[in-house]
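Student: Dropping in query.cif, which is mmCIF, C-alpha atoms:
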```
data_work
loop_
_atom_site.label_atom_id
_atom_site.label_comp_id
_atom_site.auth_asym_id
_atom_site.auth_seq_id
_atom_site.Cartn_x
_atom_site.Cartn_y
_atom_site.Cartn_z
CA MET A 1 130.73 94.46 101.43
CA SER A 2 129.45 97.45 103.39
CA VAL A 3 128.98 100.96 102.07
CA ILE A 4 130.31 103.94 104.04
CA LEU A 5 127.92 106.88 104.17
CA ASN A 6 128.52 110.44 105.28
CA ILE A 7 125.41 111.64 107.09
CA CYS A 8 125.93 115.18 108.38
CA GLY A 9 129.56 114.43 109.13
CA MET A 10 128.93 111.06 110.79
CA LEU A 11 130.37 108.04 109.01
CA ILE A 12 127.89 105.17 108.91
CA ALA A 13 128.45 101.65 107.61
CA THR A 14 125.41 100.16 105.84
CA SER A 15 124.76 97.12 103.69
CA HIS A 16 123.77 99.22 100.66
CA PHE A 17 123.32 102.78 99.47
CA PRO A 18 119.80 104.11 100.29
CA ASP A 19 117.26 104.61 97.52
CA ALA A 20 115.99 108.03 96.42
CA THR A 21 112.90 107.96 98.65
CA LEU A 22 114.86 107.18 101.81
CA GLN A 23 117.33 109.93 100.94
CA GLU A 24 114.37 112.28 100.51
CA PHE A 25 113.11 111.38 103.99
CA TYR A 26 116.50 112.19 105.53
CA GLN A 27 116.59 115.50 103.69
CA GLN A 28 113.03 116.41 104.73
CA TYR A 29 112.97 115.22 108.34
CA TYR A 30 116.63 115.33 109.39
CA HIS A 31 117.61 118.20 107.04
CA CYS A 32 120.64 116.20 106.06
CA GLN A 33 121.95 114.85 102.77
CA ILE A 34 123.34 111.35 102.46
CA LYS A 35 126.64 111.11 100.62
CA ARG A 36 128.89 108.23 99.79
CA SER A 37 132.22 108.34 101.63
CA SER A 38 135.51 106.71 100.77
CA THR A 39 136.69 103.85 102.96
CA ASP A 40 139.88 105.80 103.62
CA ALA A 41 137.94 108.07 105.94
CA SER A 42 136.42 105.24 107.95
CA THR A 43 138.40 105.79 111.15
CA HIS A 44 135.32 106.29 113.32
CA VAL A 45 132.67 104.41 111.40
CA GLN A 46 129.50 103.60 113.35
CA SER A 47 126.61 101.25 112.74
CA ALA A 48 123.37 102.44 111.16
CA SER A 49 121.56 102.12 114.50
CA ALA A 50 123.54 105.11 115.81
CA VAL A 51 121.94 107.52 113.33
CA THR A 52 118.94 108.19 115.57
CA GLN A 53 121.16 109.69 118.27
CA LEU A 54 122.61 112.14 115.77
CA PHE A 55 119.22 113.85 115.48
CA PRO A 56 117.80 114.01 119.03
CA GLN A 57 114.24 115.08 119.65
CA THR A 58 111.81 114.78 122.54
CA SER A 59 111.02 111.10 122.83
CA THR A 60 107.46 110.05 121.97
CA TRP A 61 106.40 106.49 121.35
CA TRP A 62 103.62 103.95 120.95
CA PRO A 63 103.81 100.39 122.35
CA ILE A 64 103.16 97.28 120.30
CA PHE A 65 103.30 93.67 121.48
CA THR A 66 103.71 90.20 120.07
CA VAL A 67 101.13 87.58 121.08
CA ASP A 68 103.50 85.86 123.52
CA GLN A 69 103.74 89.11 125.53
CA LEU A 70 100.00 89.66 126.07
CA GLN A 71 100.28 88.28 129.60
CA SER A 72 103.30 90.42 130.48
CA GLU A 73 103.19 92.97 133.29
CA SER A 74 104.06 95.71 130.82
CA PHE A 75 101.02 94.99 128.64
CA LYS A 76 98.70 94.70 131.64
CA ASN A 77 100.02 97.97 133.05
CA LEU A 78 99.28 99.81 129.81
CA ILE A 79 95.73 98.47 129.66
CA GLU A 80 95.13 99.40 133.29
CA HIS A 81 96.22 102.98 132.56
CA GLY A 82 93.87 103.29 129.60
CA VAL A 83 96.58 103.04 126.92
CA LYS A 84 95.66 101.24 123.70
CA PRO A 85 98.75 99.26 122.64
CA GLY A 86 99.17 97.47 119.33
CA ILE A 87 99.10 93.70 118.85
CA ILE A 88 101.03 92.03 116.04
CA LEU A 89 98.71 89.38 114.60
CA PRO A 90 100.33 85.98 113.94
CA ASN A 91 101.53 85.88 110.37
CA GLU A 92 100.88 82.25 109.53
CA TYR A 93 98.12 80.77 111.66
CA PHE A 94 95.90 81.27 114.68
CA SER A 95 95.58 78.67 117.37
CA VAL A 96 92.27 78.74 119.19
CA LEU A 97 94.03 79.77 122.40
CA ASN A 98 95.89 82.64 120.72
CA TYR A 99 92.72 83.81 119.02
CA TYR A 100 90.90 84.19 122.32
CA LYS A 101 93.92 85.90 123.88
CA ILE A 102 94.06 88.43 121.04
CA LYS A 103 90.29 88.88 120.95
CA LYS A 104 90.22 89.56 124.70
CA ALA A 105 93.00 92.14 124.34
CA VAL A 106 91.22 93.83 121.42
CA ASN A 107 88.02 94.00 123.46
CA GLU A 108 90.06 95.78 126.14
CA GLY A 109 91.19 98.38 123.61
CA ALA A 110 94.28 96.94 121.90
CA ILE A 111 94.86 97.70 118.19
CA PRO A 112 95.46 94.81 115.73
CA VAL A 113 98.47 95.20 113.43
CA ALA A 114 99.08 92.75 110.57
CA VAL A 115 102.46 91.64 109.26
CA TYR A 116 103.18 92.81 105.70
CA GLN A 117 105.72 90.78 103.73
CA MET A 118 107.02 92.53 100.64
CA GLN A 119 107.81 89.25 98.86
CA HIS A 120 104.27 87.98 99.56
CA SER A 121 102.36 91.25 99.52
CA LYS A 122 99.21 89.72 98.00
CA TYR A 123 98.80 87.49 101.07
CA PHE A 124 98.32 90.54 103.26
CA ALA A 125 94.95 91.15 101.61
CA ALA A 126 93.80 87.65 102.54
CA LYS A 127 95.06 87.99 106.11
CA ALA A 128 93.42 91.38 106.54
CA THR A 129 90.09 90.16 105.14
CA PHE A 130 89.98 87.07 107.34
CA SER A 131 91.08 89.05 110.38
CA THR A 132 88.25 91.49 109.72
CA ALA A 133 85.78 88.63 109.45
CA ILE A 134 86.76 87.20 112.84
CA GLY A 135 86.75 90.53 114.66
CA LEU A 136 90.45 91.40 114.46
CA ARG A 137 90.38 94.12 111.81
CA PRO A 138 93.92 95.55 111.39
CA LEU A 139 94.50 99.30 111.51
CA ALA A 140 98.16 99.26 110.49
CA ALA A 141 100.79 97.00 108.94
CA ILE A 142 104.26 96.16 110.19
CA ILE A 143 107.15 95.34 107.86
CA GLN A 144 109.81 93.45 109.81
CA THR A 145 112.46 93.33 107.09
CA GLY A 146 113.36 97.01 107.05
CA TRP A 147 112.84 99.70 104.44
CA ASP A 148 112.17 98.68 100.85
CA GLU A 149 112.00 101.08 97.93
CA ASN A 150 108.80 99.37 96.73
CA ILE A 151 106.87 100.19 99.91
CA ILE A 152 105.64 103.48 98.46
CA ALA A 153 103.90 101.48 95.70
CA GLN A 154 101.82 99.52 98.23
CA PRO A 155 98.21 100.43 99.18
CA ALA A 156 97.66 103.58 101.23
CA GLY A 157 97.85 103.40 105.00
CA SER A 158 100.17 103.28 108.00
CA TYR A 159 103.28 101.10 107.89
CA LEU A 160 105.59 100.38 110.83
CA ILE A 161 109.11 99.74 109.54
CA GLN A 162 111.22 97.47 111.74
CA SER A 163 114.75 96.26 111.06
CA GLU A 164 116.81 94.37 113.59
CA ASN A 165 119.80 94.38 111.24
CA SER A 166 122.21 97.03 112.51
CA ASP A 167 123.74 97.26 109.01
CA GLU A 168 120.53 98.57 107.46
CA LEU A 169 119.65 102.26 107.43
CA ASN A 170 116.19 102.73 108.90
CA ILE A 171 113.76 105.55 108.22
CA PRO A 172 114.03 108.69 110.38
CA ALA A 173 112.51 108.51 113.86
CA ARG A 174 109.75 110.92 112.94
CA VAL A 175 106.11 110.82 111.85
CA ILE A 176 106.64 110.47 108.10
CA GLN A 177 103.84 111.25 105.69
CA HIS A 178 104.40 110.49 102.02
CA HIS A 179 101.32 111.11 99.89
CA GLN A 180 98.72 108.63 101.25
CA HIS A 181 101.23 106.66 103.30
CA TYR A 182 102.39 107.08 106.89
CA PHE A 183 105.69 105.51 107.91
CA TYR A 184 106.98 104.95 111.44
CA GLN A 185 110.26 103.57 112.75
CA ALA A 186 109.69 100.44 114.83
CA THR A 187 112.33 98.99 117.13
CA SER A 188 112.79 96.81 120.20
CA ASP A 189 115.95 98.69 121.25
CA ILE A 190 114.97 101.27 123.87
CA SER A 191 118.56 102.49 124.20
CA GLN A 192 118.04 104.48 120.99
CA ASN A 193 114.76 105.96 122.19
CA THR A 194 114.62 109.45 120.68
CA GLY A 195 112.21 111.13 118.30
CA TYR A 196 109.02 109.22 117.48
CA GLN A 197 109.25 105.43 117.52
CA ILE A 198 107.08 102.34 117.75
CA ILE A 199 108.51 100.26 120.60
CA VAL A 200 108.06 96.49 120.24
CA ASN A 201 107.49 94.69 123.56
CA PRO A 202 108.50 97.68 125.73
CA PRO A 203 109.55 97.09 129.35
CA ILE A 204 107.24 98.20 132.15
CA GLU A 205 109.58 100.95 133.38
CA LEU A 206 109.12 103.20 130.34
CA SER A 207 107.22 106.41 131.10
CA LEU A 208 103.64 106.56 129.84
CA ASN A 209 103.62 110.35 129.67
CA ASN A 210 105.11 110.50 126.17
CA ILE A 211 102.85 108.00 124.44
CA GLN A 212 101.50 109.28 121.13
CA TYR A 213 99.23 107.26 118.85
CA PRO A 214 100.14 106.94 115.17
CA HIS A 215 97.74 107.60 112.33
CA PHE A 216 95.50 104.53 112.11
CA GLY A 217 94.25 103.09 108.83
CA ILE A 218 95.30 100.58 106.17
CA SER A 219 94.04 99.59 102.73
CA TRP A 220 94.19 96.45 100.63
CA THR A 221 92.70 94.86 97.51
CA LEU A 222 91.36 91.31 97.29
CA ASN A 223 89.84 89.81 94.13
CA ASN A 224 89.71 93.27 92.53
CA THR A 225 87.74 94.62 95.50
CA ASP A 226 89.16 97.53 97.50
CA TYR A 227 89.04 97.67 101.29
CA ARG A 228 89.91 100.56 103.59
CA SER A 229 90.13 99.92 107.32
CA THR A 230 89.66 103.05 109.46
CA PRO A 231 89.31 103.45 113.23
CA ASP A 232 85.55 103.69 112.75
CA GLN A 233 84.74 101.04 110.17
CA ILE A 234 85.73 98.96 107.17
CA GLU A 235 84.97 100.72 103.89
CA THR A 236 84.33 98.66 100.76
CA ASN A 237 81.60 97.97 98.22
CA LEU A 238 78.66 95.58 98.50
CA PHE A 239 80.65 92.67 97.09
CA GLY A 240 83.42 93.39 99.59
CA TYR A 241 81.02 93.20 102.52
CA LEU A 242 79.63 89.97 101.07
CA MET A 243 83.12 88.47 100.87
CA ILE A 244 83.76 89.36 104.52
CA ALA A 245 80.42 87.92 105.60
CA ILE A 246 80.69 84.61 103.76
CA SER A 247 84.36 84.06 104.58
CA THR A 248 83.36 82.63 107.96
CA VAL A 249 80.82 80.38 106.26
CA ILE A 250 82.77 78.93 103.36
CA ILE A 251 85.84 78.31 105.52
CA PRO A 252 85.30 76.71 108.96
CA LEU A 253 86.87 78.58 111.84
CA ASP A 254 89.04 75.65 112.84
CA TYR A 255 90.44 75.67 109.30
CA ILE A 256 91.29 79.35 109.67
CA PHE A 257 93.03 78.70 112.97
CA SER A 258 95.18 75.85 111.67
CA THR A 259 95.97 76.71 108.04
CA ARG A 260 98.63 79.01 106.65
CA TYR A 261 97.30 82.22 105.15
CA PRO A 262 98.75 81.67 101.65
CA SER A 263 96.67 78.49 101.41
CA LEU A 264 93.66 80.39 102.70
CA LEU A 265 94.11 82.97 99.96
CA SER A 266 94.00 80.28 97.30
CA THR A 267 91.07 78.48 98.93
CA PHE A 268 89.14 81.69 99.51
CA GLY A 269 89.73 82.92 95.97
CA SER A 270 88.73 79.56 94.49
CA SER A 271 85.61 79.40 96.68
CA ILE A 272 84.54 82.88 95.60
CA SER A 273 85.11 81.95 91.96
CA TRP A 274 83.01 78.78 92.23
CA ILE A 275 80.25 80.58 94.11
CA SER A 276 80.21 83.35 91.50
CA LEU A 277 80.09 80.78 88.68
CA LEU A 278 77.29 78.85 90.39
CA LEU A 279 75.32 82.04 91.02
CA GLY A 280 75.80 83.13 87.41
CA CYS A 281 74.63 79.77 86.06
CA THR A 282 71.60 79.86 88.35
CA LEU A 283 70.61 83.33 87.18
CA LEU A 284 71.13 82.30 83.55
CA LEU A 285 68.94 79.24 84.06
CA ILE A 286 66.20 81.37 85.64
CA LEU A 287 66.41 83.78 82.71
CA ILE A 288 66.10 80.96 80.16
CA ILE A 289 63.12 79.45 82.00
CA SER A 290 61.43 82.86 82.15
CA ILE A 291 61.91 83.40 78.41
CA ILE A 292 60.51 79.95 77.58
CA ARG A 293 57.48 80.46 79.84
CA ARG A 294 56.76 83.87 78.34
CA ARG A 295 56.91 82.49 74.81
CA ARG A 296 54.51 79.69 75.74
CA ILE A 297 52.08 82.18 77.27
CA ASN A 298 52.28 84.40 74.18
CA ALA A 299 51.73 81.37 71.92
CA ARG A 300 48.55 80.41 73.80
CA ASN A 301 47.19 83.93 73.46
#
```
Can the structure in the file be given as structure tokens, please?
Tutor:
Amino acid sequence: MSVILNICGMLIATSHFPDATLQEFYQQYYHCQIKRSSTDASTHVQSASAVTQLFPQTSTWWPIFTVDQLQSESFKNLIEHGVKPGIILPNEYFSVLNYYKIKKAVNEGAIPVAVYQMQHSKYFAAKATFSTAIGLRPLAAIIQTGWDENIIAQPAGSYLIQSENSDELNIPARVIQHHQHYFYQATSDISQNTGYQIIVNPPIELSLNNIQYPHFGISWTLNNTDYRSTPDQIETNLFGYLMIAISTVIIPLDYIFSTRYPSLLSTFGSSISWISLLLGCTLLLILIISIIRRRRINARN
């Protein structure tokens, strides 16, 4: 059953009433309160996708592509004009062919973006770490299931919020900053192109004059180690750099390309645990041997 909302006089049908944070965004960026409306007043009810047109603003955008569109004329045109589009990294596995396609595009200036699944948020850390190890370090995350009230509890960084469900209320088409998070509305529907949006697989005819890059950067935590990916570098501690370095050693590349990331997370975590245990036992053994040798030397003297 849908909920009828009154947004600045426009009646909008949505699947549920928005949470407090989303209401705050509408108040701050659209200067409009969201109120519940009775179904009796639903004569001219519109879908949630029509909200963007209620608050027009000069259109600015940033292009982002799926892997299957890297050979499209639109993507090639952007690269030729010096634009750095985004690339959505495959969520489950890399084939060797796709890896080289993505790597080539990144070398030409494209920006890797990793998929963030709210129900499997811990897997994002594994994907981001492995992507960093193989030269595809993400600088943003895309959530393809729409807004979730728990997003603000995720690690700091830039999140692109996409929802293809017309019954779901999306975030305002603005550059939204909330504490250490940046949120951007992502869509593949260019008919609602107003304000600031991330356009997924844009057609070639869109003007390049209004392209504006989002804030780049994303953070994650893996095995109690914090990582922060910035446009310049990956920031972590010594153990974090070690984990990135040995990830390509303890897991063969062909295994990375053909295995689902959740399995990789388990394998990678287990490998790190065994390596840490082995290293600890080795150091303990060296310490015991050193103590025994010192006692023998002291006994002789």
Student: Using atom CA of Arg137 of chain A and atom CA of Val115 of chain A as the two end points, give the distance in Å to one decimal.
Tutor: 12.6 Å
Student: In the coordinates of the file, take the point (119.7, 111.4, 120.7) and a cut-off of 8 Å; then, counting only C-alpha atoms, name each qualifying protein, DNA or RNA residue as a VMD selection string.
Tutor: chain A and resid 52 to 57 192 to 195
Student: To one decimal place in Å, what is the distance between atom CA of Ala173 of chain A and atom CA of Asn150 of chain A?
Tutor: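 It comes out at 19.8 Å.
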Student: Can you list, as a list of chain:residue names, every protein, DNA or RNA residue that comes within 9 Å of Thr129 of chain A when you count only C-alpha atoms, leaving out same-chain residues fewer than 5 positions away?
Tutor: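 Answer for this query is A:Phe124, A:Ile134, A:Arg137, A:Trp220, A:Leu222, A:Tyr227, A:Met243, A:Ile244, A:Ser247.
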Student: Just the number, please: distance in Å from atom CA of Ile198 of chain A to atom CA of Ala153 of chain A, one decimal.
Tutor: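 Interatomic distance, atom CA of Ile198 of chain A to atom CA of Ala153 of chain A: 22.3 Å.
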Student: Closest to Lys103 of chain A among A:Leu78, A:Ala125, A:Ile171, A:Leu136, using all atoms listed in the file?
Tutor: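 Comparing A:Leu78, A:Ala125, A:Ile171, A:Leu136 against Lys103 of chain A, the winner is A:Leu136.
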Student: Smallest atom-to-atom distance to Glu164 of chain A: which of A:Ser72, A:Ser49, A:Asn224, A:Phe183, using all atoms listed in the file?
Tutor: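 For Glu164 of chain A, the nearest of the given residues is A:Ser49.
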Student: I'd like the neighbourhood of His179 of chain A as number ranges by chain, where a residue qualifies if any of its atoms comes within 10 Å (using all atoms listed in the file), though same-chain residues fewer than 3 positions away should be ignored.
Tutor: A: 152, 156-157, 176, 182
Student: Could those residues be written to a file, using C-alpha atoms, as a compact mmCIF listing (two decimals), in the coordinates of the input?
Tutor:
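Okay, this is what ended up in part_24.txt:
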```
# COMPACT_ATOMS: atom_id res chain seq x y z
CA ILE A 152 105.64 103.48 98.46
CA ALA A 156 97.66 103.58 101.23
CA GLY A 157 97.85 103.40 105.00
CA ILE A 176 106.64 110.47 108.10
CA TYR A 182 102.39 107.08 106.89
```
Student: For the PyMOL selection byres ((chain A and resi 113) around 6), applied here, can you spell out every residue it catches as a list in words?
Tutor: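 Selected by the PyMOL selection byres ((chain A and resi 113) around 6) in this file: Ile87, Ile88, Leu89, Pro112, Ala114, Pro138, Ala140 and Ala141 of chain A.
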Student: Taking 4 positions as the minimum chain separation for residues in the same chain, which residues sit within 10 Å of Pro155 of chain A when counting all atoms listed in the file? Answer as a ChimeraX atom specification.
Tutor: /A:151,180-181,218-221,226-228
Student: For Asn223 of chain A, which residue out of A:Lys122, A:Asn6, A:Gly86, A:Ile102 is the nearest one, using only C-alpha atoms?
Tutor: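 Looking at the shortest contact to Asn223 of chain A, the residue is A:Lys122.
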Student: Using only C-alpha atoms for the distances, tell me which of A:Ser2, A:Ser158, A:Asn298, A:Ser37 is nearest to Leu139 of chain A.
Tutor: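 Smallest separation from Leu139 of chain A among the options: A:Ser158.
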Student: Please provide as a list in words all residues within 7 Å of Trp62 of chain A, with the sequence filter that same-chain residues fewer than 4 positions apart are discarded (counting only C-alpha atoms).
Tutor: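 The contact residues come out as Pro85, Gln197, Ile198, Ile199, Ile211, Gln212 and Tyr213 of chain A.
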Student: Neighbours of Val83 of chain A within 9 Å (only C-alpha atoms; same-chain residues fewer than 6 positions away dropped), as a list of chain:residue names?
Tutor: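 Near neighbours after the sequence-gap exclusion: A:Pro63, A:Asn77, A:Gly109, A:Ala110, A:Leu208, A:Ile211.
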Student: Can you translate the PyMOL selection byres ((chain A and resi 30) around 10) into the concrete residues it hits in this file, as a list in words?
Tutor: Ile7, Cys8, Glu24, Phe25, Tyr26, Gln27, Gln28, Tyr29, His31, Cys32, Gln33, Thr52, Leu54, Phe55, Pro56, Pro172, Ala173 and Arg174 of chain A
Student: Rank A:Ala133, A:Ala128, A:Val45, A:Val200 by their smallest atom-to-atom distance to Ile161 of chain A, using only C-alpha atoms, and report the top residue only.
Tutor: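 For Ile161 of chain A, the nearest of the given residues is A:Val200.
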